[in-house]
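File shown: query22.csv (CSV, C-alpha atoms).
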```
chain,number,residue,atom,x,y,z
A,1129,MET,CA,91.7,90.9,72.8
A,1130,THR,CA,90.3,93.5,70.4
A,1131,SER,CA,88.9,96.6,72.0
A,1132,SER,CA,89.0,100.3,71.4
A,1133,ASP,CA,88.1,103.6,73.0
A,1134,SER,CA,84.8,103.7,71.0
A,1135,SER,CA,83.7,100.3,72.4
A,1136,GLY,CA,83.7,101.8,75.9
A,1137,LYS,CA,86.4,99.3,77.0
A,1138,LYS,CA,89.0,100.5,79.4
A,1139,TRP,CA,92.0,99.3,77.3
A,1140,THR,CA,92.7,100.3,73.7
A,1141,SER,CA,94.0,97.6,71.4
A,1142,ALA,CA,97.4,99.4,71.2
A,1143,GLU,CA,97.6,99.4,75.0
A,1144,GLU,CA,96.6,95.7,75.1
A,1145,GLU,CA,99.4,94.9,72.7
A,1146,ILE,CA,101.9,96.6,75.0
A,1147,MET,CA,100.5,94.7,78.0
A,1148,GLN,CA,100.8,91.4,76.2
A,1149,ALA,CA,104.4,92.3,75.2
A,1150,THR,CA,105.1,93.3,78.8
A,1151,TYR,CA,103.8,90.0,80.1
A,1152,ARG,CA,106.0,88.0,77.6
A,1153,ALA,CA,109.1,90.2,78.5
A,1154,LEU,CA,108.5,89.7,82.2
A,1155,LEU,CA,108.3,86.0,81.9
A,1156,SER,CA,111.5,86.0,79.8
A,1157,HIS,CA,113.6,88.4,81.8
A,1158,GLY,CA,112.0,88.9,85.2
A,1159,TYR,CA,111.5,92.2,86.9
A,1160,ALA,CA,115.1,93.1,87.6
A,1161,ASN,CA,116.3,92.6,84.0
A,1162,LEU,CA,113.2,94.1,82.4
A,1163,SER,CA,113.7,97.2,80.3
A,1164,MET,CA,111.6,99.3,77.9
A,1165,SER,CA,113.7,98.1,75.0
A,1166,ARG,CA,113.1,94.5,75.9
A,1167,ILE,CA,109.3,95.1,76.0
A,1168,ALA,CA,109.7,96.9,72.6
A,1169,GLU,CA,111.5,93.8,71.2
A,1170,GLU,CA,108.5,91.7,72.2
A,1171,LEU,CA,106.2,94.2,70.4
A,1172,ASP,CA,108.2,93.7,67.2
A,1173,LYS,CA,107.6,97.4,66.3
A,1174,SER,CA,109.5,100.6,66.7
A,1175,LYS,CA,111.5,100.4,69.9
A,1176,ALA,CA,110.1,103.8,70.8
A,1177,ALA,CA,106.5,102.5,71.1
A,1178,PRO,CA,106.3,101.9,74.9
A,1179,TYR,CA,108.0,105.2,75.5
A,1180,TYR,CA,105.2,106.9,73.5
A,1181,TYR,CA,102.7,105.7,76.1
A,1182,TYR,CA,104.7,105.4,79.3
A,1183,ASP,CA,107.4,107.6,80.9
A,1184,SER,CA,109.2,104.7,82.8
A,1185,LYS,CA,109.3,101.0,83.3
A,1186,ASP,CA,107.6,101.3,86.7
A,1187,GLU,CA,104.8,103.5,85.2
A,1188,LEU,CA,104.2,100.8,82.5
A,1189,LEU,CA,104.3,98.1,85.1
A,1190,VAL,CA,101.6,99.8,87.2
A,1191,SER,CA,99.4,99.9,84.1
A,1192,PHE,CA,100.3,96.2,83.5
A,1193,LEU,CA,99.1,95.3,87.0
A,1194,ASP,CA,96.0,97.4,86.5
A,1195,TYR,CA,95.4,95.5,83.2
A,1196,SER,CA,96.1,92.1,84.9
A,1197,VAL,CA,93.6,92.7,87.7
A,1198,ASP,CA,91.0,93.5,85.0
A,1199,GLN,CA,91.8,90.3,83.2
A,1200,PHE,CA,91.8,88.3,86.4
A,1201,GLU,CA,88.3,89.7,87.2
A,1202,GLU,CA,87.0,88.5,83.8
A,1203,THR,CA,88.3,84.9,84.4
A,1204,ILE,CA,86.8,84.6,87.8
A,1205,ASP,CA,83.0,84.7,87.2
A,1206,THR,CA,81.2,83.9,90.4
A,1207,ARG,CA,77.7,84.7,89.1
A,1208,GLU,CA,77.2,81.5,87.2
A,1209,SER,CA,74.6,79.0,88.3
A,1210,ASP,CA,77.1,76.2,89.4
A,1211,ASP,CA,77.0,74.6,92.7
A,1212,PRO,CA,78.7,77.0,95.2
A,1213,LYS,CA,81.0,74.3,96.5
A,1214,GLU,CA,82.2,73.4,92.9
A,1215,THR,CA,82.6,77.1,92.1
A,1216,LEU,CA,84.8,77.6,95.2
A,1217,ASP,CA,86.9,74.5,94.4
A,1218,ARG,CA,87.4,75.8,90.8
A,1219,VAL,CA,88.5,79.3,92.1
A,1220,ILE,CA,90.9,77.6,94.5
A,1221,GLU,CA,92.3,75.4,91.7
A,1222,LYS,CA,92.8,78.6,89.6
A,1223,LEU,CA,94.6,80.5,92.4
A,1224,LEU,CA,96.6,77.6,93.7
A,1225,PRO,CA,96.9,74.9,91.0
A,1226,LEU,CA,98.0,71.6,92.4
A,1227,GLN,CA,100.4,71.1,89.5
A,1228,PRO,CA,101.4,74.6,88.2
A,1229,ASP,CA,102.9,74.5,84.7
A,1230,GLU,CA,106.1,76.3,83.9
A,1231,THR,CA,104.4,79.5,82.7
A,1232,GLU,CA,102.3,79.6,86.0
A,1233,GLN,CA,105.5,79.1,88.0
A,1234,GLN,CA,107.3,81.9,86.1
A,1235,LEU,CA,104.3,84.1,86.6
A,1236,GLN,CA,104.3,83.5,90.4
A,1237,THR,CA,108.1,84.3,90.5
A,1238,VAL,CA,107.5,87.6,88.6
A,1239,LEU,CA,104.6,88.5,90.9
A,1240,VAL,CA,106.8,88.1,94.0
A,1241,GLU,CA,109.4,90.5,92.4
A,1242,LEU,CA,106.6,93.0,91.4
A,1243,ARG,CA,104.9,92.7,94.8
A,1244,ALA,CA,108.2,93.5,96.6
A,1245,GLN,CA,108.1,96.9,94.9
A,1246,ALA,CA,104.8,97.5,96.7
A,1247,VAL,CA,106.5,97.9,100.1
A,1248,THR,CA,108.0,101.2,98.9
A,1249,ASN,CA,105.9,102.2,95.8
A,1250,GLU,CA,102.4,103.4,96.6
A,1251,ALA,CA,101.2,102.9,93.0
A,1252,PHE,CA,102.2,99.2,93.1
A,1253,ARG,CA,100.7,98.9,96.5
A,1254,GLU,CA,97.3,100.2,95.3
A,1255,GLN,CA,97.3,97.6,92.5
A,1256,PHE,CA,98.0,94.7,94.8
A,1257,THR,CA,95.4,96.0,97.3
A,1258,ARG,CA,92.9,96.0,94.4
A,1259,LEU,CA,93.9,92.5,93.3
A,1260,ASP,CA,93.5,91.1,96.9
A,1261,GLU,CA,90.1,92.9,97.2
A,1262,LYS,CA,88.9,91.3,93.9
A,1263,ILE,CA,90.0,87.8,95.1
A,1264,VAL,CA,88.4,88.1,98.5
A,1265,THR,CA,85.2,89.6,97.1
A,1266,ALA,CA,84.9,86.8,94.6
A,1267,ILE,CA,85.4,84.1,97.3
A,1268,HIS,CA,83.1,86.0,99.7
A,1269,GLU,CA,80.3,86.1,97.0
A,1270,ILE,CA,80.5,82.4,96.4
A,1271,ILE,CA,80.3,81.6,100.1
A,1272,GLN,CA,77.4,84.1,100.6
A,1273,ARG,CA,75.5,82.5,97.7
A,1274,GLY,CA,76.0,79.1,99.3
A,1275,ILE,CA,74.7,80.4,102.6
A,1276,ASP,CA,71.7,82.1,100.9
A,1277,ASP,CA,71.0,78.8,98.9
A,1278,GLY,CA,71.1,76.9,102.1
A,1279,VAL,CA,74.0,74.6,101.1
A,1280,PHE,CA,76.6,76.2,103.4
A,1281,ARG,CA,76.4,76.9,107.1
A,1282,ASP,CA,75.5,80.4,108.2
A,1283,VAL,CA,79.1,81.5,108.9
A,1284,ASP,CA,80.9,84.9,108.9
A,1285,SER,CA,81.6,84.7,105.1
A,1286,THR,CA,84.0,87.7,105.2
A,1287,ARG,CA,86.2,85.9,107.9
A,1288,VAL,CA,86.2,82.6,105.9
A,1289,ALA,CA,87.0,84.4,102.6
A,1290,GLU,CA,89.9,86.4,104.3
A,1291,HIS,CA,91.3,83.1,105.7
A,1292,ILE,CA,91.2,81.4,102.4
A,1293,LEU,CA,93.0,84.3,100.7
A,1294,ALA,CA,95.7,84.4,103.4
A,1295,THR,CA,96.3,80.7,103.2
A,1296,ILE,CA,96.5,80.7,99.3
A,1297,THR,CA,98.7,83.8,99.3
A,1298,GLY,CA,101.1,82.4,101.9
A,1299,THR,CA,101.4,79.0,100.0
A,1300,ARG,CA,102.1,80.7,96.7
A,1301,TYR,CA,104.7,82.9,98.3
A,1302,CYS,CA,106.4,80.0,100.0
A,1303,HIS,CA,106.4,78.0,96.8
A,1304,ALA,CA,108.1,80.9,94.9
A,1305,THR,CA,110.7,81.7,97.6
A,1306,THR,CA,111.6,78.4,99.2
A,1307,ASN,CA,112.5,74.8,98.2
A,1308,ARG,CA,109.6,73.4,100.2
A,1309,GLN,CA,107.8,72.0,97.1
A,1310,THR,CA,105.3,69.8,98.9
A,1311,ALA,CA,103.7,72.9,100.6
A,1312,ILE,CA,101.1,73.3,97.8
A,1313,ALA,CA,99.8,69.8,98.1
A,1314,VAL,CA,99.6,69.9,101.9
A,1315,THR,CA,97.8,73.3,101.9
A,1316,ARG,CA,95.3,72.0,99.3
A,1317,VAL,CA,94.4,69.2,101.6
A,1318,SER,CA,94.3,71.5,104.7
A,1319,LEU,CA,92.2,74.1,102.8
A,1320,SER,CA,89.7,71.3,101.8
A,1321,SER,CA,89.5,70.3,105.4
A,1322,TYR,CA,89.1,73.9,106.5
A,1323,ILE,CA,86.3,74.6,104.0
A,1324,ASP,CA,84.5,71.4,104.9
A,1325,SER,CA,84.8,72.1,108.6
A,1326,GLU,CA,83.6,75.7,108.2
A,1327,LEU,CA,80.9,75.4,105.5
A,1328,ARG,CA,79.5,71.9,105.4
A,1329,LYS,CA,76.1,71.7,107.0
A,1330,ARG,CA,76.0,69.2,109.9
A,1331,PRO,CA,73.1,66.8,110.2
B,171,MET,CA,125.3,88.6,122.7
B,172,THR,CA,128.9,87.7,123.7
B,173,SER,CA,130.2,84.6,122.1
B,174,SER,CA,133.4,83.4,120.5
B,175,ASP,CA,134.9,80.6,118.5
B,176,SER,CA,136.3,79.0,121.7
B,177,SER,CA,132.8,78.9,123.4
B,178,GLY,CA,131.6,76.6,120.6
B,179,LYS,CA,129.0,79.0,119.4
B,180,LYS,CA,128.4,79.4,115.7
B,181,TRP,CA,128.8,83.2,115.7
B,182,THR,CA,131.9,85.1,116.9
B,183,SER,CA,131.3,88.4,118.8
B,184,ALA,CA,132.8,90.3,115.8
B,185,GLU,CA,130.4,88.6,113.5
B,186,GLU,CA,127.5,89.3,115.9
B,187,GLU,CA,128.4,93.0,115.9
B,188,ILE,CA,128.3,93.1,112.1
B,189,MET,CA,124.9,91.3,112.1
B,190,GLN,CA,123.5,93.8,114.6
B,191,ALA,CA,124.8,96.6,112.5
B,192,THR,CA,123.3,95.0,109.4
B,193,TYR,CA,119.9,94.8,111.1
B,194,ARG,CA,120.0,98.5,112.1
B,195,ALA,CA,121.1,99.5,108.6
B,196,LEU,CA,118.4,97.4,107.0
B,197,LEU,CA,115.7,99.0,109.2
B,198,SER,CA,117.0,102.5,108.3
B,199,HIS,CA,117.7,102.1,104.6
B,200,GLY,CA,115.8,99.0,103.4
B,201,TYR,CA,117.3,96.4,101.1
B,202,ALA,CA,117.5,98.5,97.9
B,203,ASN,CA,119.4,101.4,99.5
B,204,LEU,CA,121.6,99.2,101.7
B,205,SER,CA,125.4,99.3,101.1
B,206,MET,CA,128.5,98.0,102.8
B,207,SER,CA,129.4,101.5,103.8
B,208,ARG,CA,126.0,102.1,105.4
B,209,ILE,CA,126.5,98.9,107.5
B,210,ALA,CA,130.0,100.1,108.4
B,211,GLU,CA,128.5,103.4,109.5
B,212,GLU,CA,126.3,101.5,111.9
B,213,LEU,CA,129.4,99.7,113.2
B,214,ASP,CA,131.0,103.0,114.1
B,215,LYS,CA,134.4,101.4,113.2
B,216,SER,CA,136.6,101.4,110.1
B,217,LYS,CA,134.4,101.4,107.1
B,218,ALA,CA,136.4,98.5,105.7
B,219,ALA,CA,135.2,96.2,108.5
B,220,PRO,CA,132.4,94.4,106.8
B,221,TYR,CA,134.5,94.0,103.6
B,222,TYR,CA,137.1,92.2,105.8
B,223,TYR,CA,134.6,89.4,106.4
B,224,TYR,CA,132.3,89.5,103.4
B,225,ASP,CA,132.9,89.9,99.6
B,226,SER,CA,129.5,91.5,98.8
B,227,LYS,CA,126.3,92.9,100.3
B,228,ASP,CA,124.4,89.8,99.2
B,229,GLU,CA,127.0,87.5,100.8
B,230,LEU,CA,126.7,89.5,104.0
B,231,LEU,CA,122.9,89.4,103.8
B,232,VAL,CA,122.9,85.6,103.4
B,233,SER,CA,124.9,85.4,106.7
B,234,PHE,CA,122.5,87.9,108.2
B,235,LEU,CA,119.6,85.6,107.3
B,236,ASP,CA,121.5,82.6,108.7
B,237,TYR,CA,122.1,84.5,112.0
B,238,SER,CA,118.5,85.7,112.1
B,239,VAL,CA,117.1,82.1,111.8
B,240,ASP,CA,119.4,81.0,114.6
B,241,GLN,CA,118.2,84.0,116.8
B,242,PHE,CA,114.6,83.2,115.9
B,243,GLU,CA,115.1,79.5,116.9
B,244,GLU,CA,116.3,80.7,120.3
B,245,THR,CA,113.3,82.9,120.9
B,246,ILE,CA,110.8,80.1,120.1
B,247,ASP,CA,111.3,77.6,122.8
B,248,THR,CA,108.6,74.9,122.5
B,249,ARG,CA,110.0,72.5,125.0
B,250,GLU,CA,108.8,74.4,128.1
B,251,SER,CA,106.1,72.9,130.3
B,252,ASP,CA,103.4,75.4,129.5
B,253,ASP,CA,100.0,74.4,128.4
B,254,PRO,CA,100.2,73.5,124.6
B,255,LYS,CA,97.3,75.8,123.7
B,256,GLU,CA,98.9,78.8,125.5
B,257,THR,CA,102.3,78.0,123.9
B,258,LEU,CA,100.6,77.9,120.5
B,259,ASP,CA,98.8,81.2,121.1
B,260,ARG,CA,102.2,82.7,122.2
B,261,VAL,CA,104.0,81.6,119.1
B,262,ILE,CA,101.2,83.0,116.9
B,263,GLU,CA,101.2,86.3,118.7
B,264,LYS,CA,105.0,86.4,118.1
B,265,LEU,CA,104.7,85.6,114.4
B,266,LEU,CA,101.6,87.7,113.8
B,267,PRO,CA,101.4,90.4,116.4
B,268,LEU,CA,97.9,91.9,116.6
B,269,GLN,CA,99.3,95.4,116.9
B,270,PRO,CA,102.8,95.3,115.4
B,271,ASP,CA,105.0,98.2,116.5
B,272,GLU,CA,107.0,100.4,114.1
B,273,THR,CA,110.1,98.2,114.3
B,274,GLU,CA,108.1,95.1,113.7
B,275,GLN,CA,106.5,96.7,110.6
B,276,GLN,CA,109.9,97.9,109.3
B,277,LEU,CA,111.2,94.4,109.8
B,278,GLN,CA,108.3,92.8,107.8
B,279,THR,CA,108.9,95.3,105.0
B,280,VAL,CA,112.6,94.4,104.9
B,281,LEU,CA,111.9,90.7,104.9
B,282,VAL,CA,109.6,91.1,101.9
B,283,GLU,CA,112.4,92.8,100.0
B,284,LEU,CA,115.0,90.1,101.1
B,285,ARG,CA,112.6,87.3,100.3
B,286,ALA,CA,112.0,88.6,96.8
B,287,GLN,CA,115.7,87.9,96.2
B,288,ALA,CA,115.0,84.3,97.0
B,289,VAL,CA,113.2,83.8,93.7
B,290,THR,CA,116.5,84.2,91.8
B,291,ASN,CA,119.2,83.7,94.4
B,292,GLU,CA,119.6,80.1,95.7
B,293,ALA,CA,121.6,81.1,98.8
B,294,PHE,CA,118.7,83.4,99.9
B,295,ARG,CA,116.2,80.7,99.0
B,296,GLU,CA,118.0,78.2,101.2
B,297,GLN,CA,117.8,80.5,104.2
B,298,PHE,CA,114.1,81.2,103.8
B,299,THR,CA,113.5,77.4,103.3
B,300,ARG,CA,115.4,76.9,106.6
B,301,LEU,CA,113.4,79.7,108.3
B,302,ASP,CA,110.0,78.2,107.2
B,303,GLU,CA,111.2,74.7,108.3
B,304,LYS,CA,112.1,76.0,111.8
B,305,ILE,CA,108.7,77.7,112.2
B,306,VAL,CA,106.7,74.7,110.9
B,307,THR,CA,108.7,72.4,113.1
B,308,ALA,CA,108.1,74.5,116.2
B,309,ILE,CA,104.4,74.6,115.6
B,310,HIS,CA,104.3,70.9,114.8
B,311,GLU,CA,106.1,70.1,118.1
B,312,ILE,CA,103.6,72.1,120.1
B,313,ILE,CA,100.6,70.4,118.4
B,314,GLN,CA,102.2,66.9,118.8
B,315,ARG,CA,102.8,67.5,122.5
B,316,GLY,CA,99.2,68.6,122.9
B,317,ILE,CA,98.1,65.4,121.2
B,318,ASP,CA,100.4,63.3,123.3
B,319,ASP,CA,99.2,65.0,126.5
B,320,GLY,CA,95.6,64.3,125.5
B,321,VAL,CA,94.6,68.0,125.4
B,322,PHE,CA,94.4,68.2,121.5
B,323,ARG,CA,92.5,65.9,119.2
B,324,ASP,CA,94.5,63.3,117.3
B,325,VAL,CA,94.8,65.3,114.0
B,326,ASP,CA,97.5,65.2,111.3
B,327,SER,CA,99.8,67.6,113.1
B,328,THR,CA,102.0,68.2,110.0
B,329,ARG,CA,99.0,69.3,108.0
B,330,VAL,CA,97.7,71.7,110.7
B,331,ALA,CA,101.2,73.2,111.2
B,332,GLU,CA,101.6,73.8,107.5
B,333,HIS,CA,98.2,75.4,107.4
B,334,ILE,CA,99.0,77.8,110.2
B,335,LEU,CA,102.4,78.7,108.7
B,336,ALA,CA,100.7,79.4,105.3
B,337,THR,CA,98.0,81.6,106.8
B,338,ILE,CA,100.4,83.6,109.0
B,339,THR,CA,102.9,84.0,106.0
B,340,GLY,CA,100.1,85.2,103.7
B,341,THR,CA,98.7,87.6,106.2
B,342,ARG,CA,102.2,89.2,107.0
B,343,TYR,CA,102.8,89.4,103.2
B,344,CYS,CA,99.5,91.1,102.6
B,345,HIS,CA,100.0,93.5,105.5
B,346,ALA,CA,103.4,94.6,104.1
B,347,THR,CA,102.3,94.9,100.4
B,348,THR,CA,98.7,96.2,100.5
B,349,ASN,CA,96.6,98.8,102.3
B,350,ARG,CA,94.3,96.2,103.7
B,351,GLN,CA,95.2,97.0,107.2
B,352,THR,CA,92.4,95.0,108.9
B,353,ALA,CA,93.6,91.7,107.5
B,354,ILE,CA,95.7,90.9,110.5
B,355,ALA,CA,92.9,91.3,113.0
B,356,VAL,CA,90.5,89.2,110.7
B,357,THR,CA,93.1,86.4,110.3
B,358,ARG,CA,93.8,86.3,114.0
B,359,VAL,CA,90.1,85.6,114.6
B,360,SER,CA,90.0,83.0,111.7
B,361,LEU,CA,93.1,81.3,113.0
B,362,SER,CA,91.7,81.0,116.5
B,363,SER,CA,88.5,79.5,115.0
B,364,TYR,CA,90.6,77.1,112.8
B,365,ILE,CA,92.8,76.0,115.7
B,366,ASP,CA,89.7,75.5,117.9
B,367,SER,CA,87.9,73.6,115.2
B,368,GLU,CA,90.9,71.3,114.4
B,369,LEU,CA,92.4,70.8,117.9
B,370,ARG,CA,89.7,71.2,120.6
B,371,LYS,CA,88.5,67.9,121.9
B,372,ARG,CA,84.8,67.4,121.5
B,373,PRO,CA,82.7,66.0,124.3
```
Here is a file; write its structure as structure tokens.
Amino acid sequence: MTSSDSSGKKWTSAEEEIMQATYRALLSHGYANLSMSRIAEELDKSKAAPYYYYDSKDELLVSFLDYSVDQFEETIDTRESDDPKETLDRVIEKLLPLQPDETEQQLQTVLVELRAQAVTNEAFREQFTRLDEKIVTAIHEIIQRGIDDGVFRDVDSTRVAEHILATITGTRYCHATTNRQTAIAVTRVSLSSYIDSELRKRP
Amino acid sequence: MTSSDSSGKKWTSAEEEIMQATYRALLSHGYANLSMSRIAEELDKSKAAPYYYYDSKDELLVSFLDYSVDQFEETIDTRESDDPKETLDRVIEKLLPLQPDETEQQLQTVLVELRAQAVTNEAFREQFTRLDEKIVTAIHEIIQRGIDDGVFRDVDSTRVAEHILATITGTRYCHATTNRQTAIAVTRVSLSSYIDSELRKRP
């Protein structure tokens, strides 16, 4: 979490502190009740601090999404030498945890509220486009590595990656916006079945 | 569109007129800029009309969702004698049109805004739960009929129906909130492949 301009990193430590404060404020208050002063309260500094960097709540939130996509990319490292099937299972468990804890559920709720802004706000839309591209690229790379290593069937890896993203996104969205709480467990089973059917080599 | 209390229908013609006006106002203004007076303008009657029936915009919108789910159920008739595979393809084309027209795209946009309210508003949440239940039940019935008729493999029809719903929902959501405009075409291909792989009888 420590970085600075001189280290070549994209985010200064001051910016990272604001992003962490924004994250805590979003979990506590949700998008609708979020304000610059509530983010400042989480910062435990002068209430003017976020205003010094950002002109508005939405401008700050676009930076927050940008930061979150960068963080997400760091946590999904597909280049490791694991078994491609295990790596794919691990990414799916990360994106669609079978038993999401309270923080994870709050985060999903906040993401639905933020993503709804993307229908009318192009800057939000660009960040969610970037997020989905990162996820689908990560899944695509794992599948392609499995094909290259000869452990997966030679399928259209782009098509399978897009299908997995759509299914995960739909399930998270349903979980956050309906009372159909068994949907995650059912989709995890159906995704396993799909991946097995598409990727497992047949004798 | 003509109905009344005495006919035994759920919606009176006065209510239906307000629902149609709400639909037009939502497409024109979106959720955020919708107001009771804008709905009244679409009604072309006394501006007080919607207030006579509903206390607030959100109360009216919950009724609008209730009405929309009823309408949706009428358009998806799975009991007809068509071939189950053709019926399933028709329902998927309806839920995820390959080339959505402008009205369809506006409707998807509005639904994302309305659905975001479901994360904090239980009345909205119940309507989206009901909508998803109707869709998954319709798909489930088609698959089960195909199994009973011996044209589909004897799969877990609930699991396959939930998977199709999740994939369609995720794709619509991505289409409305990102610039990844090829996602629908890719998912339609992957869904066909999934359905074929799960349901087609093997020699």
Contacts of segment 1209-1216 of chain A at 10 Å or less, counting all atoms listed in the file, minus same-chain residues fewer than 6 places along, as a PyMOL selection string? chain A and resi 1222+1266-1275+1277+1279-1280+1323-1324+1327-1328
Between atom CA of Leu1239 of chain A and atom CA of Phe298 of chain B - distance in Å to one decimal: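 Answer for the atom CA of Phe298 of chain B to atom CA of Leu1239 of chain A separation: 17.6 Å.
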Give me the chain B side of the contact with chain A, cut-off 9 Å, one line per residue showing its nearest atom pair and distance in Å at one decimal, counting only C-alpha atoms, sorted by chain and residue number, as a Markdown table.
```
| residue | atom | partner | partner_atom | distance |
| --- | --- | --- | --- | --- |
| B:Thr279 | CA | A:Val1247 | CA | 6.0 |
| B:Val280 | CA | A:Val1247 | CA | 8.5 |
| B:Val282 | CA | A:Ala1244 | CA | 6.0 |
| B:Glu283 | CA | A:Ala1244 | CA | 5.4 |
| B:Leu284 | CA | A:Ala1244 | CA | 8.8 |
| B:Arg285 | CA | A:Thr1305 | CA | 6.5 |
| B:Ala286 | CA | A:Glu1241 | CA | 5.5 |
| B:Gln287 | CA | A:Glu1241 | CA | 7.8 |
| B:Ala288 | CA | A:Thr1305 | CA | 5.1 |
| B:Val289 | CA | A:Thr1305 | CA | 5.1 |
| B:Thr290 | CA | A:Thr1237 | CA | 8.5 |
| B:Glu292 | CA | A:Thr1306 | CA | 8.9 |
| B:Phe294 | CA | A:Thr1305 | CA | 8.5 |
| B:Arg295 | CA | A:Thr1306 | CA | 5.1 |
| B:Glu296 | CA | A:Thr1306 | CA | 6.7 |
| B:Gln297 | CA | A:Thr1306 | CA | 8.2 |
| B:Phe298 | CA | A:Thr1306 | CA | 5.9 |
| B:Thr299 | CA | A:Thr1306 | CA | 4.6 |
| B:Arg300 | CA | A:Thr1306 | CA | 8.5 |
| B:Asp302 | CA | A:Thr1306 | CA | 8.2 |
| B:Glu303 | CA | A:Arg1308 | CA | 8.4 |
| B:Thr328 | CA | A:Val1314 | CA | 8.6 |
| B:Arg329 | CA | A:Ser1318 | CA | 6.1 |
| B:Val330 | CA | A:Ser1318 | CA | 6.9 |
| B:Glu332 | CA | A:Thr1315 | CA | 6.8 |
| B:His333 | CA | A:Thr1315 | CA | 5.9 |
| B:Ile334 | CA | A:Thr1295 | CA | 8.0 |
| B:Leu335 | CA | A:Gly1298 | CA | 7.8 |
| B:Ala336 | CA | A:Gly1298 | CA | 4.6 |
| B:Thr337 | CA | A:Thr1295 | CA | 4.1 |
| B:Ile338 | CA | A:Gly1298 | CA | 7.2 |
| B:Thr339 | CA | A:Gly1298 | CA | 4.8 |
| B:Gly340 | CA | A:Gly1298 | CA | 3.5 |
| B:Thr341 | CA | A:Ala1294 | CA | 5.2 |
| B:Arg342 | CA | A:Gly1298 | CA | 8.6 |
| B:Tyr343 | CA | A:Gly1298 | CA | 7.3 |
| B:Cys344 | CA | A:Ala1294 | CA | 7.7 |
| B:Ala346 | CA | A:Val1247 | CA | 6.0 |
| B:Thr347 | CA | A:Ala1246 | CA | 5.2 |
| B:Thr348 | CA | A:Thr1257 | CA | 4.6 |
| B:Asn349 | CA | A:Thr1257 | CA | 5.9 |
| B:Arg350 | CA | A:Thr1257 | CA | 6.5 |
| B:Ala353 | CA | A:Glu1290 | CA | 7.2 |
| B:Val356 | CA | A:Arg1287 | CA | 6.1 |
| B:Thr357 | CA | A:His1291 | CA | 5.9 |
| B:Val359 | CA | A:Arg1287 | CA | 7.8 |
| B:Ser360 | CA | A:Arg1287 | CA | 6.1 |
| B:Leu361 | CA | A:His1291 | CA | 7.7 |
| B:Tyr364 | CA | A:Tyr1322 | CA | 7.2 |
| B:Ser367 | CA | A:Ser1325 | CA | 7.4 |
| B:Glu368 | CA | A:Ser1325 | CA | 8.5 |
```
Top pick for closest residue to Gly320 of chain B, considering B:Thr307, B:Lys371, B:Leu204, B:Asp271 and counting only C-alpha atoms: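 Closest to Gly320 of chain B, using only C-alpha atoms: B:Lys371.
Put simply, atom CA of Leu1155 of chain A is 13.6 Å away from atom CA of Glu1169 of chain A.
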Residues within 12 Å of Tyr193 of chain B, please, as a count of residues only. Count only C-alpha atoms; anything in the same chain fewer than 4 positions from it doesn't count. 27
So the first atom is atom CA of Ser1285 of chain A and the second is atom CA of Val325 of chain B; what is the distance between them in Å, to one decimal place? 25.1 Å
